Amino acid sequence: MTAINDAYQVILNKVPGVDRFYKRRITGKIDNTKTDLLITPVTGSYAGYGSNIPTVEAQEIEIQVFIGIENKTANLDTIKNAIVSFLVPEWQVSYGPDEGTDPETDETMLTFHFTRNYERKLN
């Protein structure tokens, strides 16, 4: 959860064109006039063992952006560039950006995966 919280704090309310930011699956009624950004965990693994205790956690998150079908102001290129500029160089893009259409809502969708090595504090 550290990865999601860290990325969320870095981009919260800073990505032009994004109206709502989520750290959990979006539930409830979709607003076709809004652009939503969702951050979810993908995978994590441990490395850098010392005395049988992992000291580095490789973290991967997924960021999805959903542009409401009635939203005429959100610019996909601006959103892509902003997300990357806020997260890189601490994070590396491991997948994407992949553009498509959400099959359930017909919203334009953008998907990224970011990875980072997080040094665990062991005391």
# chains A, B, ... in the order shown; residues from 1 in each chain; ligands from 1
>>> select_by_dssp(residues="segment 20-109 of chain A", states="helix (DSSP H, G or I)", output="list in words")
Leu76, Asp77, Thr78, Ile79, Lys80, Asn81, Ala82, Ile83, Val84, Ser85, Phe86 and Leu87 of chain A
>>> closest_residue(among="A:Thr108, A:Thr101, A:Thr73, A:Pro41", to="Ala7 of chain A", atoms="only C-alpha atoms")
A:Pro41
>>> atom_distance(atom1="atom CA of Tyr8 of chain A", atom2="atom CA of Lys23 of chain A")
7.3 Å
>>> residues_around(residues="Leu87 of chain A", least_positions_apart="2", cutoff="10 Å", atoms="only C-alpha atoms", output="list of chain:residue names")
A:Asp6, A:Ala7, A:Tyr8, A:Val10, A:Ile11, A:Ala82, A:Ile83, A:Val84, A:Ser85, A:Pro89, A:Glu90, A:Trp91, A:Gln92, A:Val93, A:Phe114, A:Thr115, A:Arg116
>>> decode(residues="segment 10-43 of chain A", atoms="N, CA and C atoms", output="compact mmCIF listing (two decimals), in the first residue's frame")
# COMPACT_ATOMS: atom_id res chain seq x y z
N VAL A 10 1.83 12.20 -4.74
CA VAL A 10 2.62 12.96 -5.72
C VAL A 10 1.75 13.59 -6.79
N ILE A 11 0.70 12.89 -7.23
CA ILE A 11 -0.08 13.40 -8.36
C ILE A 11 -1.45 13.98 -7.98
N LEU A 12 -1.87 13.81 -6.73
CA LEU A 12 -3.19 14.27 -6.30
C LEU A 12 -3.42 15.74 -6.66
N ASN A 13 -4.48 15.98 -7.41
CA ASN A 13 -4.92 17.32 -7.82
C ASN A 13 -3.88 18.09 -8.64
N LYS A 14 -2.91 17.41 -9.23
CA LYS A 14 -1.88 18.08 -10.02
C LYS A 14 -1.94 17.77 -11.50
N VAL A 15 -2.72 16.77 -11.90
CA VAL A 15 -2.77 16.37 -13.30
C VAL A 15 -3.87 17.16 -14.00
N PRO A 16 -3.50 18.05 -14.94
CA PRO A 16 -4.50 18.88 -15.61
C PRO A 16 -5.51 18.02 -16.37
N GLY A 17 -6.77 18.30 -16.18
CA GLY A 17 -7.82 17.58 -16.88
C GLY A 17 -8.41 16.43 -16.10
N VAL A 18 -7.80 16.05 -14.97
CA VAL A 18 -8.35 14.97 -14.14
C VAL A 18 -9.19 15.60 -13.03
N ASP A 19 -10.43 15.15 -12.93
CA ASP A 19 -11.37 15.70 -11.95
C ASP A 19 -11.35 14.96 -10.62
N ARG A 20 -11.21 13.63 -10.69
CA ARG A 20 -11.31 12.82 -9.46
C ARG A 20 -10.18 11.80 -9.43
N PHE A 21 -9.62 11.58 -8.23
CA PHE A 21 -8.50 10.67 -8.01
C PHE A 21 -8.95 9.58 -7.04
N TYR A 22 -8.62 8.30 -7.35
CA TYR A 22 -9.04 7.18 -6.52
C TYR A 22 -7.87 6.25 -6.23
N LYS A 23 -7.88 5.66 -5.02
CA LYS A 23 -6.91 4.63 -4.65
C LYS A 23 -7.60 3.27 -4.54
N ARG A 24 -8.89 3.25 -4.69
CA ARG A 24 -9.67 2.01 -4.63
C ARG A 24 -10.52 1.93 -5.89
N ARG A 25 -10.98 0.75 -6.20
CA ARG A 25 -11.83 0.57 -7.38
C ARG A 25 -12.97 1.57 -7.37
N ILE A 26 -13.29 2.08 -8.53
CA ILE A 26 -14.36 3.07 -8.65
C ILE A 26 -15.69 2.33 -8.59
N THR A 27 -16.54 2.76 -7.68
CA THR A 27 -17.86 2.17 -7.56
C THR A 27 -18.90 3.27 -7.66
N GLY A 28 -20.11 2.88 -7.93
CA GLY A 28 -21.18 3.86 -8.03
C GLY A 28 -21.39 4.30 -9.47
N LYS A 29 -22.17 5.35 -9.63
CA LYS A 29 -22.55 5.84 -10.95
C LYS A 29 -21.38 6.57 -11.61
N ILE A 30 -21.14 6.25 -12.88
CA ILE A 30 -20.13 6.93 -13.67
C ILE A 30 -20.66 8.30 -14.08
N ASP A 31 -19.83 9.32 -13.97
CA ASP A 31 -20.19 10.67 -14.42
C ASP A 31 -19.52 10.89 -15.77
N ASN A 32 -20.30 10.94 -16.82
CA ASN A 32 -19.77 11.06 -18.18
C ASN A 32 -19.09 12.39 -18.47
N THR A 33 -19.21 13.35 -17.55
CA THR A 33 -18.58 14.65 -17.77
C THR A 33 -17.25 14.78 -17.04
N LYS A 34 -16.87 13.78 -16.26
CA LYS A 34 -15.66 13.83 -15.43
C LYS A 34 -14.57 12.92 -15.98
N THR A 35 -13.34 13.24 -15.61
CA THR A 35 -12.19 12.39 -15.88
C THR A 35 -11.70 11.84 -14.56
N ASP A 36 -11.59 10.51 -14.48
CA ASP A 36 -11.19 9.84 -13.25
C ASP A 36 -9.83 9.18 -13.42
N LEU A 37 -9.04 9.19 -12.34
CA LEU A 37 -7.74 8.54 -12.32
C LEU A 37 -7.75 7.53 -11.18
N LEU A 38 -7.35 6.29 -11.49
CA LEU A 38 -7.36 5.20 -10.52
C LEU A 38 -5.96 4.62 -10.40
N ILE A 39 -5.48 4.48 -9.16
CA ILE A 39 -4.17 3.86 -8.89
C ILE A 39 -4.42 2.56 -8.13
N THR A 40 -3.90 1.45 -8.65
CA THR A 40 -4.06 0.15 -8.01
C THR A 40 -2.73 -0.59 -7.98
N PRO A 41 -2.56 -1.53 -7.04
CA PRO A 41 -1.32 -2.31 -7.00
C PRO A 41 -1.33 -3.37 -8.10
N VAL A 42 -0.14 -3.68 -8.62
CA VAL A 42 -0.01 -4.75 -9.60
C VAL A 42 0.70 -5.92 -8.96
N THR A 43 1.92 -5.69 -8.52
CA THR A 43 2.71 -6.78 -7.94
C THR A 43 3.82 -6.19 -7.10
